[in-house]
$ cat work.cif   # mmCIF, C-alpha atoms
data_target
loop_
_atom_site.label_atom_id
_atom_site.label_comp_id
_atom_site.auth_asym_id
_atom_site.auth_seq_id
_atom_site.Cartn_x
_atom_site.Cartn_y
_atom_site.Cartn_z
CA MET A 1 -9.46 -27.42 -10.25
CA ALA A 2 -8.34 -24.59 -12.46
CA SER A 3 -8.13 -25.21 -16.16
CA GLY A 4 -4.90 -24.40 -17.95
CA GLY A 5 -5.99 -25.45 -21.42
CA SER A 6 -6.41 -23.59 -24.66
CA SER A 7 -8.25 -20.31 -24.23
CA LEU A 8 -7.97 -16.59 -24.52
CA PHE A 9 -6.57 -16.52 -20.98
CA CYS A 10 -4.23 -19.50 -21.23
CA VAL A 11 -0.81 -19.22 -19.56
CA ALA A 12 -0.06 -22.95 -19.40
CA GLY A 13 3.60 -23.70 -19.99
CA LYS A 14 4.79 -20.11 -19.78
CA ASN A 15 7.98 -19.39 -17.84
CA VAL A 16 7.27 -16.82 -15.15
CA LEU A 17 9.68 -15.03 -12.80
CA ILE A 18 8.11 -13.41 -9.73
CA THR A 19 10.37 -11.46 -7.40
CA GLY A 20 9.35 -11.27 -3.77
CA GLY A 21 7.14 -14.29 -4.38
CA SER A 22 7.45 -16.00 -1.01
CA ARG A 23 4.53 -14.17 0.59
CA GLY A 24 2.04 -11.36 0.21
CA ILE A 25 0.96 -10.19 -3.20
CA GLY A 26 3.90 -12.00 -4.78
CA TYR A 27 2.71 -15.33 -3.42
CA MET A 28 -0.85 -14.55 -4.49
CA ILE A 29 0.36 -14.02 -8.04
CA ALA A 30 2.62 -17.08 -7.98
CA SER A 31 -0.14 -19.38 -6.76
CA THR A 32 -2.47 -18.19 -9.50
CA PHE A 33 0.09 -18.91 -12.21
CA VAL A 34 0.92 -22.34 -10.78
CA GLU A 35 -2.75 -23.33 -10.66
CA ARG A 36 -3.06 -22.41 -14.32
CA GLY A 37 -0.15 -24.47 -15.56
CA ALA A 38 2.72 -22.00 -15.70
CA ASN A 39 6.32 -22.75 -14.73
CA VAL A 40 7.10 -20.40 -11.86
CA LEU A 41 10.34 -19.15 -10.33
CA ILE A 42 9.94 -17.18 -7.10
CA THR A 43 12.62 -15.19 -5.30
CA SER A 44 13.13 -13.73 -1.85
CA ARG A 45 15.97 -12.49 0.30
CA ASP A 46 14.88 -15.08 2.87
CA SER A 47 15.91 -18.52 1.61
CA ARG A 48 13.80 -20.38 4.18
CA ALA A 49 10.70 -18.37 3.33
CA CYS A 50 11.34 -19.04 -0.34
CA GLU A 51 11.69 -22.78 0.21
CA SER A 52 8.55 -22.89 2.34
CA ALA A 53 6.56 -20.97 -0.25
CA ALA A 54 7.73 -23.29 -3.03
CA SER A 55 6.60 -26.27 -0.98
CA ASP A 56 3.18 -24.69 -0.52
CA LEU A 57 2.92 -23.93 -4.23
CA LEU A 58 3.48 -27.60 -5.01
CA SER A 59 0.41 -28.53 -2.98
CA LEU A 60 -1.89 -26.41 -5.14
CA PRO A 61 -4.21 -27.96 -7.75
CA ARG A 62 -2.77 -27.96 -11.23
CA PRO A 63 -4.21 -28.97 -14.61
CA PRO A 64 -2.97 -32.25 -16.10
CA PRO A 65 0.00 -32.21 -18.48
CA LEU A 66 -1.02 -31.23 -21.99
CA SER A 67 2.12 -31.77 -24.08
CA PRO A 68 5.90 -31.28 -24.04
CA LEU A 69 5.10 -27.59 -23.58
CA TYR A 70 3.60 -28.38 -20.22
CA PRO A 71 6.17 -30.19 -18.04
CA SER A 72 5.58 -33.38 -16.13
CA PRO A 73 5.23 -32.78 -12.39
CA LEU A 74 8.18 -35.01 -11.42
CA PRO A 75 10.47 -33.84 -9.93
CA PRO A 76 8.40 -30.83 -8.94
CA THR A 77 10.80 -28.27 -7.54
CA THR A 78 14.35 -26.97 -7.59
CA SER A 79 16.15 -24.68 -5.18
CA HIS A 80 19.06 -22.31 -5.76
CA ASP A 81 20.61 -20.31 -2.93
CA MET A 82 22.70 -17.58 -4.53
CA SER A 83 24.36 -16.71 -1.24
CA SER A 84 26.41 -19.91 -1.37
CA GLU A 85 27.23 -20.04 -5.07
CA SER A 86 29.87 -18.45 -7.21
CA LYS A 87 28.67 -15.56 -9.32
CA SER A 88 30.45 -17.11 -12.28
CA SER A 89 28.92 -20.54 -11.77
CA PRO A 90 25.13 -20.52 -12.00
CA PRO A 91 23.34 -23.74 -11.05
CA SER A 92 23.05 -26.47 -13.63
CA SER A 93 20.04 -26.33 -15.90
CA ALA A 94 16.88 -27.36 -14.15
CA SER A 95 15.15 -30.45 -15.43
CA THR A 96 12.42 -29.80 -17.98
CA SER A 97 10.14 -31.79 -15.69
CA THR A 98 10.08 -29.11 -13.00
CA TYR A 99 7.52 -26.35 -12.67
CA VAL A 100 8.25 -24.63 -9.35
CA HIS A 101 11.66 -23.10 -8.65
CA HIS A 102 12.94 -20.85 -5.89
CA VAL A 103 16.04 -18.68 -5.65
CA GLN A 104 17.38 -16.67 -2.74
CA SER A 105 18.33 -13.28 -4.13
CA ASN A 106 18.71 -9.60 -3.36
CA VAL A 107 17.43 -7.51 -6.24
CA SER A 108 18.14 -4.16 -4.62
CA THR A 109 21.63 -4.10 -6.18
CA ARG A 110 22.87 -4.25 -9.75
CA GLU A 111 25.05 -7.25 -8.89
CA GLY A 112 22.12 -9.10 -7.34
CA CYS A 113 20.01 -8.51 -10.44
CA LYS A 114 22.77 -9.84 -12.70
CA GLU A 115 23.13 -12.97 -10.56
CA LEU A 116 19.41 -13.61 -10.62
CA ALA A 117 19.27 -13.17 -14.40
CA ASN A 118 22.00 -15.81 -14.75
CA HIS A 119 19.91 -18.21 -12.68
CA VAL A 120 16.83 -17.51 -14.77
CA ARG A 121 18.75 -18.21 -18.00
CA ARG A 122 19.94 -21.54 -16.69
CA ILE A 123 16.66 -22.63 -15.09
CA PHE A 124 14.47 -21.65 -18.06
CA ASP A 125 17.04 -22.37 -20.78
CA GLY A 126 17.29 -18.72 -21.76
CA ARG A 127 13.58 -18.17 -22.36
CA LEU A 128 11.37 -16.08 -20.13
CA ASP A 129 7.75 -15.28 -20.94
CA VAL A 130 6.64 -13.17 -17.98
CA LEU A 131 8.59 -11.03 -15.52
CA VAL A 132 6.64 -9.85 -12.48
CA ASN A 133 8.60 -7.16 -10.65
CA ASN A 134 6.95 -7.49 -7.27
CA ALA A 135 9.79 -7.36 -4.72
CA GLY A 136 9.53 -4.22 -2.68
CA THR A 137 10.06 -2.78 0.74
CA SER A 138 8.46 -0.04 2.77
CA TRP A 139 9.40 2.39 5.47
CA GLY A 140 7.56 5.09 7.33
CA GLU A 141 8.58 7.95 9.58
CA ASP A 142 7.22 11.36 10.48
CA PRO A 143 8.75 13.77 7.95
CA GLY A 144 9.73 16.11 10.78
CA TYR A 145 8.33 19.37 9.47
CA ASP A 146 8.53 20.81 12.99
CA MET A 147 11.98 19.50 13.90
CA ASN A 148 13.85 22.65 12.80
CA GLY A 149 16.06 20.76 10.36
CA ARG A 150 16.93 17.92 12.73
CA GLU A 151 16.75 14.35 11.45
CA SER A 152 16.12 11.09 13.25
CA GLY A 153 19.17 9.41 11.75
CA LYS A 154 17.04 6.84 9.93
CA MET A 155 15.61 9.09 7.25
CA ASN A 156 18.45 8.80 4.73
CA TRP A 157 18.67 5.06 5.34
CA GLY A 158 14.93 4.60 4.88
CA TRP A 159 14.71 6.53 1.64
CA ASP A 160 17.74 4.75 0.18
CA LYS A 161 16.42 1.33 1.17
CA VAL A 162 13.04 1.91 -0.43
CA LEU A 163 14.25 3.50 -3.66
CA ASP A 164 17.10 0.99 -4.13
CA LEU A 165 14.72 -1.97 -4.12
CA ASN A 166 11.43 -0.56 -5.38
CA VAL A 167 12.79 1.53 -8.25
CA LYS A 168 16.47 0.97 -9.03
CA GLY A 169 16.28 -2.79 -8.55
CA MET A 170 13.26 -2.97 -10.83
CA PHE A 171 15.15 -1.05 -13.50
CA TYR A 172 18.28 -3.20 -13.28
CA LEU A 173 16.46 -6.55 -13.28
CA THR A 174 14.24 -5.56 -16.19
CA ARG A 175 17.28 -4.55 -18.20
CA GLU A 176 18.95 -7.90 -17.48
CA CYS A 177 15.84 -9.88 -18.46
CA VAL A 178 15.03 -8.10 -21.73
CA PRO A 179 17.14 -10.49 -23.88
CA MET A 180 15.15 -13.44 -22.50
CA LEU A 181 11.80 -11.69 -23.02
CA GLN A 182 12.53 -10.18 -26.41
CA ARG A 183 10.32 -11.47 -29.22
CA ARG A 184 11.65 -9.31 -32.06
CA ARG A 185 15.09 -8.40 -33.20
CA VAL A 186 15.98 -4.75 -32.90
CA ASP A 187 15.26 -4.33 -36.62
CA GLY A 188 11.65 -5.27 -35.94
CA ASP A 189 11.66 -8.74 -37.51
CA TYR A 190 10.13 -11.57 -35.53
CA ALA A 191 12.51 -14.18 -34.17
CA GLU A 192 10.57 -17.05 -35.74
CA GLU A 193 11.00 -15.66 -39.23
CA ASP A 194 14.73 -16.44 -39.26
CA GLY A 195 14.07 -20.16 -38.94
CA ASN A 196 14.87 -20.41 -35.24
CA GLU A 197 11.43 -20.83 -33.77
CA SER A 198 11.73 -22.18 -30.26
CA SER A 199 11.01 -25.87 -29.81
CA TYR A 200 9.15 -24.81 -26.68
CA TYR A 201 6.22 -24.14 -28.99
CA SER A 202 6.44 -27.64 -30.34
CA SER A 203 4.33 -29.10 -33.10
CA SER A 204 2.84 -31.61 -30.67
CA TYR A 205 1.51 -28.77 -28.57
CA SER A 206 0.44 -26.63 -31.51
CA SER A 207 -1.48 -29.44 -33.16
CA SER A 208 -3.81 -29.79 -30.18
CA HIS A 209 -3.91 -26.19 -28.98
CA SER A 210 -4.90 -23.74 -31.66
CA SER A 211 -4.35 -20.78 -29.35
CA TYR A 212 -0.62 -21.33 -29.81
CA SER A 213 -0.50 -22.76 -33.32
CA SER A 214 -2.34 -19.75 -34.75
CA HIS A 215 -0.46 -17.09 -32.79
CA ARG A 216 3.27 -17.12 -33.26
CA ARG A 217 5.43 -16.14 -30.34
CA GLY A 218 6.36 -12.51 -30.86
CA VAL A 219 3.48 -11.80 -33.23
CA ASP A 220 0.50 -12.33 -30.96
CA ASP A 221 2.21 -13.52 -27.81
CA PRO A 222 4.78 -10.90 -26.80
CA GLY A 223 7.03 -11.07 -23.81
CA ARG A 224 5.34 -9.58 -20.74
CA ILE A 225 6.60 -7.41 -17.91
CA ILE A 226 4.25 -6.64 -15.03
CA ASN A 227 5.36 -4.19 -12.37
CA VAL A 228 3.59 -4.05 -9.02
CA GLY A 229 2.84 -0.46 -8.16
CA SER A 230 0.24 0.81 -5.71
CA VAL A 231 -2.69 3.17 -5.43
CA THR A 232 -0.42 5.12 -3.09
CA GLY A 233 1.55 6.06 -6.19
CA LEU A 234 -1.61 7.61 -7.61
CA MET A 235 -3.02 9.34 -4.56
CA PRO A 236 -1.55 10.29 -1.16
CA GLN A 237 -2.46 8.11 1.79
CA ASP A 238 -2.84 9.41 5.31
CA ALA A 239 0.23 7.66 6.68
CA PRO A 240 3.91 8.67 7.08
CA THR A 241 4.99 6.64 4.05
CA HIS A 242 6.49 9.30 1.83
CA ALA A 243 9.35 7.19 0.46
CA TYR A 244 7.10 4.23 -0.32
CA ASP A 245 4.43 6.35 -2.00
CA VAL A 246 6.98 8.23 -4.11
CA SER A 247 8.65 4.95 -5.09
CA LYS A 248 5.36 3.60 -6.40
CA ALA A 249 4.73 6.74 -8.43
CA ALA A 250 8.19 6.18 -9.90
CA VAL A 251 7.30 2.56 -10.68
CA HIS A 252 4.25 3.73 -12.62
CA HIS A 253 6.23 6.19 -14.71
CA LEU A 254 9.08 3.72 -15.24
CA THR A 255 6.45 1.29 -16.52
CA LYS A 256 5.44 3.75 -19.22
CA LYS A 257 9.05 4.47 -20.13
CA PHE A 258 9.79 0.77 -20.49
CA ALA A 259 6.60 0.24 -22.52
CA ALA A 260 7.73 2.84 -25.05
CA ASP A 261 11.28 1.48 -25.18
CA LEU A 262 10.45 -2.21 -25.45
CA ALA A 263 7.42 -2.29 -27.76
CA PRO A 264 9.69 -2.54 -30.84
CA ARG A 265 11.27 -5.62 -29.24
CA GLY A 266 7.93 -7.40 -28.87
CA ILE A 267 7.56 -6.87 -25.11
CA THR A 268 4.55 -5.38 -23.34
CA VAL A 269 5.06 -3.54 -20.05
CA ASN A 270 2.21 -2.81 -17.68
CA ALA A 271 1.70 -2.28 -13.97
CA ILE A 272 -0.97 -3.23 -11.49
CA ALA A 273 -1.73 -0.74 -8.73
CA PRO A 274 -3.26 -2.69 -5.85
CA GLY A 275 -5.42 -1.00 -3.27
CA TYR A 276 -6.02 -2.38 0.21
CA VAL A 277 -5.36 -6.12 0.13
CA LEU A 278 -5.91 -8.59 2.96
CA THR A 279 -2.60 -8.30 4.81
CA ARG A 280 -1.09 -8.18 8.24
CA MET A 281 -0.23 -4.58 7.51
CA SER A 282 -3.87 -3.70 6.93
CA LYS A 283 -5.23 -5.34 10.08
CA GLY A 284 -5.18 -2.13 12.10
CA LEU A 285 -7.22 -0.23 9.57
CA LEU A 286 -9.52 -3.18 8.90
CA SER A 287 -10.45 -3.53 12.56
CA THR A 288 -11.04 0.20 12.82
CA TRP A 289 -13.19 0.45 9.71
CA SER A 290 -15.30 -2.65 10.35
CA SER A 291 -15.83 -2.58 14.12
CA THR A 292 -18.24 0.32 14.44
CA LYS A 293 -20.55 2.52 12.42
CA THR A 294 -18.76 5.66 13.53
CA THR A 295 -15.05 5.85 14.24
CA THR A 296 -13.51 8.47 16.42
CA LYS A 297 -10.57 10.58 15.38
CA GLU A 298 -8.44 8.70 17.91
CA GLU A 299 -9.43 5.31 16.44
CA GLU A 300 -8.63 6.42 12.92
CA GLU A 301 -5.28 7.81 14.06
CA GLY A 302 -4.55 4.52 15.81
CA GLY A 303 -5.14 2.61 12.59
CA ARG A 304 -2.84 4.94 10.69
CA ARG A 305 -0.13 4.59 13.34
CA GLU A 306 -0.28 0.80 13.16
CA MET A 307 -0.10 0.93 9.39
CA GLY A 308 2.88 3.28 9.58
CA HIS A 309 4.56 1.01 12.14
CA ASN A 310 4.18 -2.02 9.91
CA LEU A 311 5.44 -0.09 6.92
CA GLY A 312 8.62 0.56 8.86
CA LYS A 313 9.47 -3.13 8.92
CA ASN A 314 12.08 -4.47 6.55
CA VAL A 315 10.06 -6.80 4.35
CA ASP A 316 10.52 -8.19 0.87
CA ASN A 317 7.05 -8.30 -0.60
CA ASN A 318 5.87 -4.78 -1.21
CA GLY A 319 5.43 -3.78 2.38
CA GLY A 320 3.65 -6.96 3.34
CA MET A 321 0.85 -6.09 0.94
CA GLY A 322 -0.58 -9.58 0.69
CA MET A 323 -2.07 -11.98 3.21
CA GLU A 324 0.39 -14.34 4.86
CA ARG A 325 0.05 -17.92 3.63
CA GLY A 326 -2.47 -19.85 5.65
CA GLU A 327 -3.87 -16.79 7.38
CA SER A 328 -7.63 -16.30 7.32
CA MET A 329 -9.14 -12.84 7.42
CA ASP A 330 -12.61 -11.52 6.76
CA GLY A 331 -12.49 -9.04 3.91
CA GLY A 332 -16.05 -7.82 4.37
CA LEU A 333 -16.17 -4.25 5.57
CA GLY A 334 -19.83 -3.65 6.30
CA GLY A 335 -19.73 -0.47 4.25
CA MET A 336 -17.28 1.18 6.63
CA MET A 337 -14.14 1.31 4.51
CA PRO A 338 -14.07 3.88 1.69
CA ILE A 339 -13.93 1.16 -0.99
CA PRO A 340 -16.97 1.32 -3.29
CA LEU A 341 -17.10 -2.46 -3.78
CA GLY A 342 -17.14 -2.99 -0.02
CA ARG A 343 -14.28 -5.44 0.53
CA MET A 344 -10.52 -5.75 0.49
CA GLY A 345 -8.55 -7.38 -2.31
CA ASN A 346 -7.64 -11.07 -2.37
CA THR A 347 -5.66 -13.67 -4.30
CA GLU A 348 -8.09 -13.89 -7.20
CA ASP A 349 -8.00 -10.12 -7.66
CA MET A 350 -4.21 -9.86 -7.73
CA GLY A 351 -3.54 -13.05 -9.65
CA GLY A 352 -6.41 -12.55 -12.07
CA ALA A 353 -5.11 -9.17 -13.18
CA CYS A 354 -1.69 -10.67 -13.89
CA ILE A 355 -3.13 -13.64 -15.77
CA TYR A 356 -5.05 -11.23 -18.00
CA LEU A 357 -1.96 -9.15 -18.75
CA SER A 358 0.11 -12.30 -19.42
CA SER A 359 -2.33 -14.12 -21.70
CA ARG A 360 -3.46 -13.70 -25.29
CA ALA A 361 -6.26 -11.48 -23.96
CA GLY A 362 -3.73 -8.88 -22.84
CA SER A 363 -1.34 -9.08 -25.78
CA TRP A 364 -2.34 -5.69 -27.24
CA ILE A 365 -2.06 -3.76 -23.99
CA THR A 366 1.07 -1.91 -22.95
CA GLY A 367 1.93 1.17 -20.91
CA VAL A 368 -1.14 0.77 -18.70
CA ILE A 369 -1.41 1.23 -14.93
CA LEU A 370 -4.25 -1.11 -13.97
CA THR A 371 -5.78 -0.17 -10.63
CA VAL A 372 -6.98 -3.25 -8.74
CA ASP A 373 -8.58 -1.49 -5.81
CA GLY A 374 -12.33 -2.05 -5.64
CA GLY A 375 -12.94 1.42 -7.05
CA LEU A 376 -10.94 3.29 -4.43
CA VAL A 377 -9.22 5.56 -6.95
CA GLY A 378 -11.80 5.80 -9.69
CA ALA A 379 -15.18 5.49 -8.02
CA ALA A 380 -14.97 6.62 -4.39
CA LYS A 381 -17.32 9.46 -3.43
CA ILE A 382 -16.10 12.46 -1.48
CA PRO A 383 -18.19 12.83 1.71
CA LEU A 384 -20.07 16.12 1.83
CA SER A 385 -18.73 16.62 5.34
CA ASN A 386 -15.26 16.95 3.84
CA LEU A 387 -16.24 19.79 1.52
#

$ encode --input "work.cif" --output "structure tokens"
Amino acid sequence: MASGGSSLFCVAGKNVLITGGSRGIGYMIASTFVERGANVLITSRDSRACESAASDLLSLPRPPPLSPLYPSPLPPTTSHDMSSESKSSPPSSASTSTYVHHVQSNVSTREGCKELANHVRRIFDGRLDVLVNNAGTSWGEDPGYDMNGRESGKMNWGWDKVLDLNVKGMFYLTRECVPMLQRRRVDGDYAEEDGNESSYYSSSYSSSHSSYSSHRRGVDDPGRIINVGSVTGLMPQDAPTHAYDVSKAAVHHLTKKFAADLAPRGITVNAIAPGYVLTRMSKGLLSTWSSTKTTTKEEEEGGRREMGHNLGKNVDNNGGMGMERGESMDGGLGGMMPIPLGRMGNTEDMGGACIYLSSRAGSWITGVILTVDGGLVGAAKIPLSNL
């Protein structure tokens, strides 16, 4: 069982919002936080998927309660479907004994982001420690360089869909959540210094956990924002995913802009850029890379087509970039895939990076794009045959 106690990497008791957390990379991140004692709120456009994911999260091992900071596991979960509620009437405050929450939401619009922020305020009593902007969508289509100006009819729709959710939605939700994440007043003073230190960091917790008693919230434990980018925002991939790739490059730059803006408010902003992770989307390429020592041009093209086809699906978890819950896949590649470390990414890789950026260990890091890709971007060799 994972330990959520006092340590450099402790996240026990932190309030964490993860958009697109019902599957894929979002679920990987959510499960890692739950197993380490955090209070997690996941969102998805699909209310049933969200409810199912929350149920699965409750079955995960979790460290024993430590103090009032760490809630009792009964009752364990709350659900809020925003599609059936008035915008002006957020759900009643969730019990302090809950640690898994799920909300149906659409964060591709400004209105949807405002509604979600209202839910977060009520569920977490106005205090958010970590925002993980993971919700994303993908779309792929031949750019039509040889179509003499003709368009398929889906191109404008595809670009708008991707940029609305992956970039604009991230901007709007972050803006709405800043007041809940802020650890300093605009004048630079720490919130605790005005006599209003949150009871969340209670004396009963501090007395037994020096990692919190010696590091005041806002001084050594800033609010955290983690954006999920992609290696495709750092380097072009051989697939017709122009809108998705450009959106992830925008996510990376927006991360740096936010980091500069929000540092005076006591908030760190970083991004992870996952590489190839065990997903349904990656199955075509995985089978191609691992099945034979030498792949033909036709086999490689087939893998790219399947990847492009899957990227065209309307999904809510960064293009399906994360293994479906309960699905088992072999991530060993037999040296075939161009990943120096020889395997695809998994839950520990995605979740571990976020735990690091959310804990005391990552409190002095901001404006960073952390590639989590097995060396694909930074350590892959260029075959001599390609020169």

$ atom_distance --input "work.cif" --atom1 "atom CA of A:Leu181" --atom2 "atom CA of A:Leu131"
8.2 Å

$ residues_around --input "work.cif" --residues "A:Thr19" --least-positions-apart "3" --cutoff "9 Å" --atoms "only C-alpha atoms" --output "list in words"
Ser22, Gly26, Leu41, Ile42, Thr43, Ser44, Ser105, Val107, Leu131, Val132, Asn133, Asn134, Ala135, Gly136, Asp316 and Asn317 of chain A

$ resolve_selection --input "work.cif" --expression "the PyMOL selection byres ((chain A and resi 353) around 12)" --output "ChimeraX atom specification"
/A:9,25,28-29,32-33,132,226-228,270-274,345-352,354-359,361-362,369-373

$ write_last_selection --input "work.cif" --atoms "C-alpha atoms" --output "PDB file, keeping the file's coordinate frame"
ATOM      1  CA  PHE A   9      -6.570 -16.520 -20.980  1.00  0.00           C
ATOM      2  CA  ILE A  25       0.960 -10.190  -3.200  1.00  0.00           C
ATOM      3  CA  MET A  28      -0.850 -14.550  -4.490  1.00  0.00           C
ATOM      4  CA  ILE A  29       0.360 -14.020  -8.040  1.00  0.00           C
ATOM      5  CA  THR A  32      -2.470 -18.190  -9.500  1.00  0.00           C
ATOM      6  CA  PHE A  33       0.090 -18.910 -12.210  1.00  0.00           C
ATOM      7  CA  VAL A 132       6.640  -9.850 -12.480  1.00  0.00           C
ATOM      8  CA  ILE A 226       4.250  -6.640 -15.030  1.00  0.00           C
ATOM      9  CA  ASN A 227       5.360  -4.190 -12.370  1.00  0.00           C
ATOM     10  CA  VAL A 228       3.590  -4.050  -9.020  1.00  0.00           C
ATOM     11  CA  ASN A 270       2.210  -2.810 -17.680  1.00  0.00           C
ATOM     12  CA  ALA A 271       1.700  -2.280 -13.970  1.00  0.00           C
ATOM     13  CA  ILE A 272      -0.970  -3.230 -11.490  1.00  0.00           C
ATOM     14  CA  ALA A 273      -1.730  -0.740  -8.730  1.00  0.00           C
ATOM     15  CA  PRO A 274      -3.260  -2.690  -5.850  1.00  0.00           C
ATOM     16  CA  GLY A 345      -8.550  -7.380  -2.310  1.00  0.00           C
ATOM     17  CA  ASN A 346      -7.640 -11.070  -2.370  1.00  0.00           C
ATOM     18  CA  THR A 347      -5.660 -13.670  -4.300  1.00  0.00           C
ATOM     19  CA  GLU A 348      -8.090 -13.890  -7.200  1.00  0.00           C
ATOM     20  CA  ASP A 349      -8.000 -10.120  -7.660  1.00  0.00           C
ATOM     21  CA  MET A 350      -4.210  -9.860  -7.730  1.00  0.00           C
ATOM     22  CA  GLY A 351      -3.540 -13.050  -9.650  1.00  0.00           C
ATOM     23  CA  GLY A 352      -6.410 -12.550 -12.070  1.00  0.00           C
ATOM     24  CA  CYS A 354      -1.690 -10.670 -13.890  1.00  0.00           C
ATOM     25  CA  ILE A 355      -3.130 -13.640 -15.770  1.00  0.00           C
ATOM     26  CA  TYR A 356      -5.050 -11.230 -18.000  1.00  0.00           C
ATOM     27  CA  LEU A 357      -1.960  -9.150 -18.750  1.00  0.00           C
ATOM     28  CA  SER A 358       0.110 -12.300 -19.420  1.00  0.00           C
ATOM     29  CA  SER A 359      -2.330 -14.120 -21.700  1.00  0.00           C
ATOM     30  CA  ALA A 361      -6.260 -11.480 -23.960  1.00  0.00           C
ATOM     31  CA  GLY A 362      -3.730  -8.880 -22.840  1.00  0.00           C
ATOM     32  CA  ILE A 369      -1.410   1.230 -14.930  1.00  0.00           C
ATOM     33  CA  LEU A 370      -4.250  -1.110 -13.970  1.00  0.00           C
ATOM     34  CA  THR A 371      -5.780  -0.170 -10.630  1.00  0.00           C
ATOM     35  CA  VAL A 372      -6.980  -3.250  -8.740  1.00  0.00           C
ATOM     36  CA  ASP A 373      -8.580  -1.490  -5.810  1.00  0.00           C
TER      37      ASP A 373
END

$ closest_residue --input "work.cif" --among "A:Val251, A:Ile225, A:Leu234, A:Val130" --to "A:Gly169" --atoms "all atoms listed in the file"
A:Val251

$ closest_residue --input "work.cif" --among "A:Glu141, A:Met155, A:Lys257, A:Leu262" --to "A:Arg184" --atoms "all atoms listed in the file"
A:Leu262

$ atom_distance --input "work.cif" --atom1 "atom CA of A:Ala243" --atom2 "atom CA of A:Val162"
6.5 Å

$ closest_residue --input "work.cif" --among "A:Trp139, A:Ala53, A:Met170, A:Glu111" --to "A:Trp157" --atoms "all atoms listed in the file"
A:Trp139

$ resolve_selection --input "work.cif" --expression "the PyMOL selection byres ((chain A and resi 16) around 7)" --output "list in words"
Lys14, Asn15, Leu17, Ile18, Ala38, Asn39, Val40, Leu41, Leu128, Asp129, Val130 and Leu131 of chain A

$ closest_residue --input "work.cif" --among "A:Arg122, A:Arg183, A:Lys161, A:Arg62" --to "A:Ser108" --atoms "all atoms listed in the file"
A:Lys161

$ resolve_selection --input "work.cif" --expression "the PyMOL selection byres ((chain A and resi 248) around 7)" --output "PDB file with C-alpha atoms, in the coordinates of the input"
ATOM      1  CA  GLY A 229       2.840  -0.460  -8.160  1.00  0.00           C
ATOM      2  CA  SER A 230       0.240   0.810  -5.710  1.00  0.00           C
ATOM      3  CA  THR A 232      -0.420   5.120  -3.090  1.00  0.00           C
ATOM      4  CA  GLY A 233       1.550   6.060  -6.190  1.00  0.00           C
ATOM      5  CA  TYR A 244       7.100   4.230  -0.320  1.00  0.00           C
ATOM      6  CA  ASP A 245       4.430   6.350  -2.000  1.00  0.00           C
ATOM      7  CA  VAL A 246       6.980   8.230  -4.110  1.00  0.00           C
ATOM      8  CA  SER A 247       8.650   4.950  -5.090  1.00  0.00           C
ATOM      9  CA  ALA A 249       4.730   6.740  -8.430  1.00  0.00           C
ATOM     10  CA  ALA A 250       8.190   6.180  -9.900  1.00  0.00           C
ATOM     11  CA  VAL A 251       7.300   2.560 -10.680  1.00  0.00           C
ATOM     12  CA  HIS A 252       4.250   3.730 -12.620  1.00  0.00           C
TER      13      HIS A 252
END

$ decode --input "work.cif" --residues "stretch 251-284 of chain A" --atoms "C-alpha atoms" --output "mmCIF file, in the first residue's frame"
data_model
loop_
_atom_site.group_PDB
_atom_site.id
_atom_site.type_symbol
_atom_site.label_atom_id
_atom_site.label_comp_id
_atom_site.auth_asym_id
_atom_site.auth_seq_id
_atom_site.Cartn_x
_atom_site.Cartn_y
_atom_site.Cartn_z
ATOM 1 C CA VAL A 251 -0.345 24.599 -23.979
ATOM 2 C CA HIS A 252 3.397 24.625 -23.367
ATOM 3 C CA HIS A 253 3.726 28.337 -24.062
ATOM 4 C CA LEU A 254 0.592 29.166 -22.081
ATOM 5 C CA THR A 255 2.173 27.280 -19.181
ATOM 6 C CA LYS A 256 5.155 29.616 -19.246
ATOM 7 C CA LYS A 257 2.937 32.687 -19.514
ATOM 8 C CA PHE A 258 0.894 31.566 -16.516
ATOM 9 C CA ALA A 259 4.057 30.754 -14.555
ATOM 10 C CA ALA A 260 5.311 34.307 -14.999
ATOM 11 C CA ASP A 261 1.926 35.833 -14.179
ATOM 12 C CA LEU A 262 1.113 33.742 -11.121
ATOM 13 C CA ALA A 263 4.453 33.417 -9.329
ATOM 14 C CA PRO A 264 3.782 36.626 -7.344
ATOM 15 C CA ARG A 265 0.531 35.039 -6.154
ATOM 16 C CA GLY A 266 2.291 31.972 -4.764
ATOM 17 C CA ILE A 267 1.284 29.570 -7.544
ATOM 18 C CA THR A 268 3.617 27.371 -9.571
ATOM 19 C CA VAL A 269 2.651 26.422 -13.121
ATOM 20 C CA ASN A 270 4.289 23.554 -14.963
ATOM 21 C CA ALA A 271 3.407 21.103 -17.708
ATOM 22 C CA ILE A 272 4.132 17.469 -18.357
ATOM 23 C CA ALA A 273 4.688 16.430 -21.961
ATOM 24 C CA PRO A 274 3.892 12.714 -22.194
ATOM 25 C CA GLY A 275 5.303 10.585 -24.957
ATOM 26 C CA TYR A 276 3.771 7.310 -26.093
ATOM 27 C CA VAL A 277 1.656 5.948 -23.248
ATOM 28 C CA LEU A 278 -0.135 2.598 -23.128
ATOM 29 C CA THR A 279 -3.423 3.489 -24.811
ATOM 30 C CA ARG A 280 -5.990 2.211 -27.227
ATOM 31 C CA MET A 281 -4.826 4.929 -29.571
ATOM 32 C CA SER A 282 -1.283 3.583 -29.569
ATOM 33 C CA LYS A 283 -2.188 -0.053 -30.231
ATOM 34 C CA GLY A 284 -1.674 0.210 -33.980
#
